[in-house]
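Undergrad: Next up is a structure, given as structure tokens.
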Amino acid sequence: MTIDPRHENFQQEALPSFDTVSPNREAIALQVERLGLQLDGKVILQEVSFSLPVKGVTSVIGPSGAGKSSLLRCLNGLLTQWSGSVAVNGCDTRQWRGGWDQLRRHVGLIAQKPVVFNTSIRANVCFGLKSWRQRRHADELVEKSLRQAALWDEVKDRLNAPATTLSMGQQQRLCIARALAIKPRMLLLDEPTASLDPHSKQLIEQSMLQIAEQTPLVCVTHDLAQAQRLQGSVIFMCDGRIIEQGPGEQLFAQPQRIETREFINWSVCDCD
Amino acid sequence: MTIVLVVGFLLQSSWPLLQQQGIAFVAGTEWYPFESLYGMLPALIGTLWAVALALLIALPCGVAAAILSAELLSPRLRSTVRFGMELLAGIPSVVYGLLGIWLLIPLLESQFELLTGRTLLAAGLLLALMILPTIMVFSEDAISAVKQSQREAAKNLGIGWDATLWRVLLPQAWPGIRIATLLSMGRAMGETVAVMLVVGSIDRIPEPFYNLLQPAQTLTSRIGREMAEASVGSLHWAALLFCGLILAILAMAISLLTHRQRLVV
Amino acid sequence: MNLSHLQYRDTISKSIVWLLAIPALLVPTIILGYIFWKAAPVLDWNFISGAAEGIGFGVTEGIFAQLLGSLLLAVMACVMAAPFALGTALYYCIYASSRQQRLLIAMFNMLQGIPPIVFGLCGLVVLVNLFSWGVSLLSGAVVLAMVLLPLLVLNTLAALERIPLKYTEAGRALGLDSSDIIWRLWLPRSWLNLLTGLLLAMARALSETAPIMFTATVFSGVVWPDSLFSPVTTLQTHIFYLAQEGNDSQVISIAWGSAAVLVLLVAVFGLLARVLKKLEAD
């Protein structure tokens, strides 16, 4: 497996020899090779290859329709008709023990619009826990997840209130806490702050940076400023291909490809 | 003008019913102190048993069919099944009565080696058949109404199909299923013709009291059978009207329950 | 984590669902087929257009009179109930205060749940005896109309409520008064929905047996009602009486044949209603 030396977030000491069959936390978190996707005759993704370091945020930017959301859904198994290979922690996702459901417990996905279940806040957070007994004794876990998602202070005295009483921003953070509660190896976020107010945006970005210290994140975003704030490596996609990828500062300051340059300028000019 | 007519008509239709029953009620309990109680109870128990049996059979099967249709079948099969069920919901009760009397009863007689197949069991089974389409259609609506995003969120957490069903879909669909149950209960309770033909019409409390393989009587069946025989104004008549009153009250109670669910939900 | 345990649970749940659902789906279908299979030997044009003769046991083939009787009762009941239903619905929409609205809805929901036999009983007492109308077409139609009324009212209300508010507001803004609004705005727009409601009511009227059993029909063969005040015979009660006779195989076949015709009749109205609903949606 190739290791991309351009990723400055990639920790050199986490580079021991690894076993390609068993999942190994010290290895590269995600390796995608020649991922291709065709739906209804339309080519959504082609020849997508990249790898993800063990910690840090990787932002995926690009114009609408570039296939960014579809990429995420291929990675976590919601879409299964892709070609190529995806390996999480050295283990091929198609051969994941337990099938796609198990894979999704290790690769969490947070959708653009928050979807909360019709139960209490606490029940929502431990929804991913399998057994009823686990859910009963999960108080510590609930608190930890809510803190990581920057929601604890706002809900700590009403954990049993219905989750639907929260604002959109709070609900999205609840979704993040819910995903964190099952301790995934990696978290994928599909434009998590797209429809939220600036305060929630800020809170979520902060919690993302914190989470990224231990868990690799992939974040699709339309907001270039957000991608810069997230300080990770950046992947620029267009028409289903990766045009350029690299450390954020480098990409934004000196984009190598014309398309990247155009996109950045166009987005900057069009930004509010 | 229409308004006055309408309101007057409405009042007129509800009051005489209650008034008639009112007179009969007094007459019924005073003149038949012992017999009246004896008279009502078997029929009441019969009705309750028949409805309970019908719900017990139809509810799991109907909901399971709804789950199957909403989740596990292809869209084409789904619409076919749905269409079939809606057709079935419209079959007149007399036809079910025919089925009961010429198909079900001989079947029961041979299976359980009974003297007569006209039993509470037959009534219950027939009623179950009648309410099945309603339950299925309503439940399917309720389950399909759960948004796709909820299913996807559960999938994203790695929750398997059965857990999604029990923890996400059914809890959300429960209000709709509850309404369906109450409606079917009302229908089962008020069903006359089919039950009349298969229940045996013997005023007797089944003994032991869970023995469903004996002929019995329901409120509706009794009214149906004796309506022609009782002379108007007699005490027999009053008793029949009282049966009608009980039915009406029960029906209104169920309806109130349903209505309140709708308001709350 | 016990993976096989989870997949096991999945399979178990699915099997339970299939197990419970299969009888629910198969049995009704088999029954439909059974009805028509049993009816096959008897069904032909003569059957439908012939007249049943004979009183009591000597029933011969032919259900024309019964067919017409059923239709006649159903149509009369619908015709009687429709204006009241429309009137009540209009009252609800235009004049009723919100408290009255809730009251009306509650009342109609309750009336809808009352078993039809109770209406039959009531009709027997009031119409047949008190008013001395006797067992007649009129009594039966009125009782049936009472049964249909709540259903029709609720359907009409639903139809009227589908008219967008902006439509009505535009009309009022033009200065149209209530009756104009009703006749020129609402009815032309919602008549399809109202018709659907009527068709459903017809289907319901055709399948009701209990209320008309003792208010409209008698056993001994009646060919054609002479007047509003004479009894009539219907398919539903015909089937019912035959069911109680049924030892003779011919009688049995006739009964199944009548049942098949009745089912078809109800289905026709139901299907028409569905077609109209689809038309309206497009």
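Quick note on naming: the chains in the structure tokens go A, B, ... in the order shown, residues restart at 1 in each chain, and ligands are numbered from 1 in order of appearance.
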Step one, run DSSP on the backbone; step two, keep only residues of region 48-266 of chain A assigned to alpha helix (DSSP H); then write them as a PyMOL selection string.
TA: chain A and resi 68-76+99-106+121-125+132-136+139-148+152-155+168-181+198-212+224-229+248-253+258-266
Undergrad: Near chain C, which residues of chain B fall within 7 Å when you count only C-alpha atoms, and what do they look like as a ChimeraX atom specification?
TA: /B:2-3,6,17,60-62,64-65,68,87,90-95,98,161-162,186,190-193,228,244,248,251-252,255-256
Undergrad: Mind listing as a PyMOL selection string which residues of chain A are within 10 Å of chain C, counting only C-alpha atoms?
TA: chain A and resi 97-99+101-102+130
Undergrad: Would you mind listing, for every residue of chain A within 12 Å of chain B, the two atoms forming the shortest contact and the distance between them in Å to one decimal, using only C-alpha atoms, sorted by chain and ascending residue number, as JSON lines?
TA:
```
{"residue": "A:Leu72", "atom": "CA", "partner": "B:Asn156", "partner_atom": "CA", "distance": 11.4}
{"residue": "A:Arg73", "atom": "CA", "partner": "B:Asn156", "partner_atom": "CA", "distance": 9.7}
{"residue": "A:Leu75", "atom": "CA", "partner": "B:Asn156", "partner_atom": "CA", "distance": 11.5}
{"residue": "A:Asn76", "atom": "CA", "partner": "B:Asn156", "partner_atom": "CA", "distance": 8.0}
{"residue": "A:Gly77", "atom": "CA", "partner": "B:Asn156", "partner_atom": "CA", "distance": 8.9}
{"residue": "A:Leu78", "atom": "CA", "partner": "B:Asn156", "partner_atom": "CA", "distance": 7.9}
{"residue": "A:Leu79", "atom": "CA", "partner": "B:Asn156", "partner_atom": "CA", "distance": 11.6}
{"residue": "A:Gly98", "atom": "CA", "partner": "B:Gly158", "partner_atom": "CA", "distance": 10.5}
{"residue": "A:Gly99", "atom": "CA", "partner": "B:Gly158", "partner_atom": "CA", "distance": 9.9}
{"residue": "A:Trp100", "atom": "CA", "partner": "B:Gly158", "partner_atom": "CA", "distance": 7.8}
{"residue": "A:Asp101", "atom": "CA", "partner": "B:Gly158", "partner_atom": "CA", "distance": 4.5}
{"residue": "A:Gln102", "atom": "CA", "partner": "B:Gly158", "partner_atom": "CA", "distance": 6.0}
{"residue": "A:Leu103", "atom": "CA", "partner": "B:Gly158", "partner_atom": "CA", "distance": 7.3}
{"residue": "A:Arg104", "atom": "CA", "partner": "B:Gly158", "partner_atom": "CA", "distance": 4.7}
{"residue": "A:Arg105", "atom": "CA", "partner": "B:Gly158", "partner_atom": "CA", "distance": 4.8}
{"residue": "A:His106", "atom": "CA", "partner": "B:Gly158", "partner_atom": "CA", "distance": 8.4}
{"residue": "A:Val107", "atom": "CA", "partner": "B:Asn156", "partner_atom": "CA", "distance": 8.5}
{"residue": "A:Gly108", "atom": "CA", "partner": "B:Asn156", "partner_atom": "CA", "distance": 6.3}
{"residue": "A:Leu109", "atom": "CA", "partner": "B:Asn156", "partner_atom": "CA", "distance": 5.8}
{"residue": "A:Ile110", "atom": "CA", "partner": "B:Asn156", "partner_atom": "CA", "distance": 7.8}
{"residue": "A:Ala111", "atom": "CA", "partner": "B:Ala153", "partner_atom": "CA", "distance": 8.0}
{"residue": "A:Gln112", "atom": "CA", "partner": "B:Ser149", "partner_atom": "CA", "distance": 10.7}
{"residue": "A:Lys113", "atom": "CA", "partner": "B:Ser149", "partner_atom": "CA", "distance": 9.0}
{"residue": "A:Pro114", "atom": "CA", "partner": "B:Ala153", "partner_atom": "CA", "distance": 9.0}
{"residue": "A:Val115", "atom": "CA", "partner": "B:Gln150", "partner_atom": "CA", "distance": 6.4}
{"residue": "A:Val116", "atom": "CA", "partner": "B:Gln150", "partner_atom": "CA", "distance": 7.6}
{"residue": "A:Phe117", "atom": "CA", "partner": "B:Gln150", "partner_atom": "CA", "distance": 7.1}
{"residue": "A:Asn118", "atom": "CA", "partner": "B:Gln172", "partner_atom": "CA", "distance": 7.6}
{"residue": "A:Thr119", "atom": "CA", "partner": "B:Val168", "partner_atom": "CA", "distance": 9.7}
{"residue": "A:Ala123", "atom": "CA", "partner": "B:Arg167", "partner_atom": "CA", "distance": 11.0}
{"residue": "A:Asn124", "atom": "CA", "partner": "B:Ala154", "partner_atom": "CA", "distance": 10.7}
{"residue": "A:Val125", "atom": "CA", "partner": "B:Leu157", "partner_atom": "CA", "distance": 10.8}
{"residue": "A:Cys126", "atom": "CA", "partner": "B:Leu157", "partner_atom": "CA", "distance": 10.4}
{"residue": "A:Phe127", "atom": "CA", "partner": "B:Leu157", "partner_atom": "CA", "distance": 8.2}
{"residue": "A:Gly128", "atom": "CA", "partner": "B:Leu157", "partner_atom": "CA", "distance": 5.7}
{"residue": "A:Leu129", "atom": "CA", "partner": "B:Ile159", "partner_atom": "CA", "distance": 8.8}
{"residue": "A:Lys130", "atom": "CA", "partner": "B:Ile159", "partner_atom": "CA", "distance": 7.9}
{"residue": "A:Ser131", "atom": "CA", "partner": "B:Ala163", "partner_atom": "CA", "distance": 10.2}
{"residue": "A:Trp132", "atom": "CA", "partner": "B:Arg167", "partner_atom": "CA", "distance": 11.1}
{"residue": "A:Cys175", "atom": "CA", "partner": "B:Ala153", "partner_atom": "CA", "distance": 9.1}
{"residue": "A:Ile176", "atom": "CA", "partner": "B:Leu157", "partner_atom": "CA", "distance": 10.9}
{"residue": "A:Ala177", "atom": "CA", "partner": "B:Leu157", "partner_atom": "CA", "distance": 11.5}
{"residue": "A:Arg178", "atom": "CA", "partner": "B:Leu157", "partner_atom": "CA", "distance": 8.3}
{"residue": "A:Ala179", "atom": "CA", "partner": "B:Leu157", "partner_atom": "CA", "distance": 6.7}
{"residue": "A:Leu180", "atom": "CA", "partner": "B:Leu157", "partner_atom": "CA", "distance": 9.8}
{"residue": "A:Ala181", "atom": "CA", "partner": "B:Leu157", "partner_atom": "CA", "distance": 9.8}
{"residue": "A:Ile182", "atom": "CA", "partner": "B:Leu157", "partner_atom": "CA", "distance": 8.1}
{"residue": "A:Lys183", "atom": "CA", "partner": "B:Leu157", "partner_atom": "CA", "distance": 10.7}
{"residue": "A:Pro184", "atom": "CA", "partner": "B:Leu157", "partner_atom": "CA", "distance": 9.6}
{"residue": "A:Leu187", "atom": "CA", "partner": "B:Asn156", "partner_atom": "CA", "distance": 10.8}
{"residue": "A:Leu188", "atom": "CA", "partner": "B:Asn156", "partner_atom": "CA", "distance": 10.3}
{"residue": "A:Leu189", "atom": "CA", "partner": "B:Asn156", "partner_atom": "CA", "distance": 11.3}
```
Undergrad: With a distance cut-off of 10 Å and only C-alpha atoms, select the neighbouring residues of Leu127 (chain B), excluding the residue or stretch itself and same-chain residues fewer than 6 positions from it, and output the selection as a tab-separated table (two decimals) with C-alpha atoms, in the first residue's frame.
TA:
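Contents of around03.tsv, freshly written:
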```
chain	number	residue	atom	x	y	z
B	50	ALA	CA	-65.62	-13.12	19.25
B	51	VAL	CA	-64.02	-9.70	19.00
B	52	ALA	CA	-61.05	-10.69	21.13
B	53	LEU	CA	-60.43	-13.79	19.06
B	54	ALA	CA	-60.73	-11.86	15.84
B	55	LEU	CA	-58.21	-9.27	17.00
B	57	ILE	CA	-55.64	-13.54	14.96
B	58	ALA	CA	-55.93	-10.59	12.66
B	93	SER	CA	-70.60	-9.40	5.04
B	96	TYR	CA	-68.50	-13.90	4.40
B	97	GLY	CA	-71.54	-15.45	6.01
B	100	GLY	CA	-68.69	-19.31	7.05
B	121	LEU	CA	-64.46	-20.14	17.17
B	184	SER	CA	-61.56	-2.99	13.32
B	185	MET	CA	-62.74	-3.64	16.82
B	187	ARG	CA	-66.48	-3.31	12.92
B	188	ALA	CA	-66.07	-6.74	14.43
B	189	MET	CA	-68.33	-5.86	17.28
B	191	GLU	CA	-70.99	-7.28	12.45
B	194	ALA	CA	-72.00	-13.24	9.13
B	195	VAL	CA	-71.90	-13.84	12.84
```
Undergrad: Check the DSSP output for the backbone and give back, as a PyMOL selection string, the residues of region 26-214 of chain A in strand (DSSP E).
TA: chain A and resi 30-39+42-52+57-61+83-88+91-92+107-110+186-190
Undergrad: List the spatial neighbours of Thr156 (chain C) as a list in words - criterion: any atom at most 10 Å away, only C-alpha atoms, same-chain residues fewer than 4 positions off excluded.
TA: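 Answer for this query is Ala82, Ala85, Leu86, Gly87, Thr88, Ala89, Leu90, Pro150, Leu151, Leu152, Leu160, Glu161, Arg162, Ser190, Trp191, Asn193, Leu194, Leu195, Thr196, Gly197 and Leu198 of chain C.
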Undergrad: Mind dumping the selected residues with N, CA, C and O atoms as a PDB file, in the first residue's frame?
TA:
```pdb
ATOM      1  N   ALA C  82     -77.523  12.276   0.315  1.00  0.00           N
ATOM      2  CA  ALA C  82     -76.571  13.232  -0.265  1.00  0.00           C
ATOM      3  C   ALA C  82     -76.863  14.698   0.060  1.00  0.00           C
ATOM      4  O   ALA C  82     -75.967  15.419   0.486  1.00  0.00           O
ATOM      5  N   ALA C  85     -75.976  15.421   3.549  1.00  0.00           N
ATOM      6  CA  ALA C  85     -74.536  15.382   3.751  1.00  0.00           C
ATOM      7  C   ALA C  85     -73.907  16.677   3.251  1.00  0.00           C
ATOM      8  O   ALA C  85     -73.094  17.301   3.931  1.00  0.00           O
ATOM      9  N   LEU C  86     -74.313  17.068   2.065  1.00  0.00           N
ATOM     10  CA  LEU C  86     -73.767  18.301   1.492  1.00  0.00           C
ATOM     11  C   LEU C  86     -74.123  19.490   2.368  1.00  0.00           C
ATOM     12  O   LEU C  86     -73.271  20.339   2.683  1.00  0.00           O
ATOM     13  N   GLY C  87     -75.377  19.518   2.798  1.00  0.00           N
ATOM     14  CA  GLY C  87     -75.798  20.628   3.639  1.00  0.00           C
ATOM     15  C   GLY C  87     -74.983  20.723   4.913  1.00  0.00           C
ATOM     16  O   GLY C  87     -74.509  21.794   5.300  1.00  0.00           O
ATOM     17  N   THR C  88     -74.835  19.578   5.561  1.00  0.00           N
ATOM     18  CA  THR C  88     -74.057  19.604   6.791  1.00  0.00           C
ATOM     19  C   THR C  88     -72.630  20.026   6.523  1.00  0.00           C
ATOM     20  O   THR C  88     -72.048  20.821   7.263  1.00  0.00           O
ATOM     21  N   ALA C  89     -72.039  19.494   5.468  1.00  0.00           N
ATOM     22  CA  ALA C  89     -70.655  19.841   5.172  1.00  0.00           C
ATOM     23  C   ALA C  89     -70.513  21.325   4.914  1.00  0.00           C
ATOM     24  O   ALA C  89     -69.584  21.984   5.382  1.00  0.00           O
ATOM     25  N   LEU C  90     -71.470  21.883   4.148  1.00  0.00           N
ATOM     26  CA  LEU C  90     -71.402  23.311   3.857  1.00  0.00           C
ATOM     27  C   LEU C  90     -71.571  24.126   5.130  1.00  0.00           C
ATOM     28  O   LEU C  90     -70.878  25.120   5.348  1.00  0.00           O
ATOM     29  N   PRO C 150     -73.231   9.438   7.990  1.00  0.00           N
ATOM     30  CA  PRO C 150     -71.937   9.860   8.556  1.00  0.00           C
ATOM     31  C   PRO C 150     -70.797   9.685   7.559  1.00  0.00           C
ATOM     32  O   PRO C 150     -69.943  10.560   7.417  1.00  0.00           O
ATOM     33  N   LEU C 151     -70.817   8.563   6.869  1.00  0.00           N
ATOM     34  CA  LEU C 151     -69.756   8.304   5.895  1.00  0.00           C
ATOM     35  C   LEU C 151     -69.732   9.395   4.833  1.00  0.00           C
ATOM     36  O   LEU C 151     -68.684   9.971   4.524  1.00  0.00           O
ATOM     37  N   LEU C 152     -70.917   9.704   4.308  1.00  0.00           N
ATOM     38  CA  LEU C 152     -70.993  10.711   3.267  1.00  0.00           C
ATOM     39  C   LEU C 152     -70.557  12.076   3.770  1.00  0.00           C
ATOM     40  O   LEU C 152     -69.831  12.804   3.100  1.00  0.00           O
ATOM     41  N   LEU C 160     -64.333  18.933   0.449  1.00  0.00           N
ATOM     42  CA  LEU C 160     -64.375  20.387   0.488  1.00  0.00           C
ATOM     43  C   LEU C 160     -63.115  20.962   1.097  1.00  0.00           C
ATOM     44  O   LEU C 160     -62.642  22.022   0.698  1.00  0.00           O
ATOM     45  N   GLU C 161     -62.561  20.244   2.043  1.00  0.00           N
ATOM     46  CA  GLU C 161     -61.372  20.795   2.691  1.00  0.00           C
ATOM     47  C   GLU C 161     -60.153  20.729   1.807  1.00  0.00           C
ATOM     48  O   GLU C 161     -59.148  21.375   2.080  1.00  0.00           O
ATOM     49  N   ARG C 162     -60.236  19.945   0.727  1.00  0.00           N
ATOM     50  CA  ARG C 162     -59.088  19.886  -0.170  1.00  0.00           C
ATOM     51  C   ARG C 162     -59.003  21.134  -1.033  1.00  0.00           C
ATOM     52  O   ARG C 162     -57.984  21.357  -1.680  1.00  0.00           O
ATOM     53  N   SER C 190     -64.751  20.687  -6.911  1.00  0.00           N
ATOM     54  CA  SER C 190     -64.624  19.477  -6.119  1.00  0.00           C
ATOM     55  C   SER C 190     -65.626  18.401  -6.500  1.00  0.00           C
ATOM     56  O   SER C 190     -65.745  17.405  -5.805  1.00  0.00           O
ATOM     57  N   TRP C 191     -66.342  18.592  -7.611  1.00  0.00           N
ATOM     58  CA  TRP C 191     -67.410  17.636  -7.894  1.00  0.00           C
ATOM     59  C   TRP C 191     -66.891  16.229  -8.097  1.00  0.00           C
ATOM     60  O   TRP C 191     -67.556  15.251  -7.764  1.00  0.00           O
ATOM     61  N   ASN C 193     -64.413  14.831  -6.468  1.00  0.00           N
ATOM     62  CA  ASN C 193     -64.244  14.249  -5.142  1.00  0.00           C
ATOM     63  C   ASN C 193     -65.574  13.873  -4.531  1.00  0.00           C
ATOM     64  O   ASN C 193     -65.724  12.839  -3.893  1.00  0.00           O
ATOM     65  N   LEU C 194     -66.566  14.748  -4.733  1.00  0.00           N
ATOM     66  CA  LEU C 194     -67.879  14.457  -4.179  1.00  0.00           C
ATOM     67  C   LEU C 194     -68.458  13.205  -4.816  1.00  0.00           C
ATOM     68  O   LEU C 194     -69.068  12.373  -4.152  1.00  0.00           O
ATOM     69  N   LEU C 195     -68.236  13.099  -6.115  1.00  0.00           N
ATOM     70  CA  LEU C 195     -68.731  11.918  -6.801  1.00  0.00           C
ATOM     71  C   LEU C 195     -68.066  10.652  -6.261  1.00  0.00           C
ATOM     72  O   LEU C 195     -68.720   9.635  -6.050  1.00  0.00           O
ATOM     73  N   THR C 196     -66.771  10.770  -6.028  1.00  0.00           N
ATOM     74  CA  THR C 196     -66.071   9.628  -5.453  1.00  0.00           C
ATOM     75  C   THR C 196     -66.714   9.212  -4.138  1.00  0.00           C
ATOM     76  O   THR C 196     -66.954   8.033  -3.886  1.00  0.00           O
ATOM     77  N   GLY C 197     -67.007  10.210  -3.308  1.00  0.00           N
ATOM     78  CA  GLY C 197     -67.644   9.903  -2.043  1.00  0.00           C
ATOM     79  C   GLY C 197     -68.980   9.195  -2.246  1.00  0.00           C
ATOM     80  O   GLY C 197     -69.301   8.220  -1.555  1.00  0.00           O
ATOM     81  N   LEU C 198     -69.745   9.661  -3.237  1.00  0.00           N
ATOM     82  CA  LEU C 198     -71.034   9.030  -3.509  1.00  0.00           C
ATOM     83  C   LEU C 198     -70.865   7.581  -3.952  1.00  0.00           C
ATOM     84  O   LEU C 198     -71.611   6.688  -3.530  1.00  0.00           O
TER      85      LEU C 198
END
```
Undergrad: Using Å and a single decimal, report how far CA of Gly124 (chain B) sits from CA of Pro215 (chain B).
TA: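 These atoms are spaced 11.9 Å apart.
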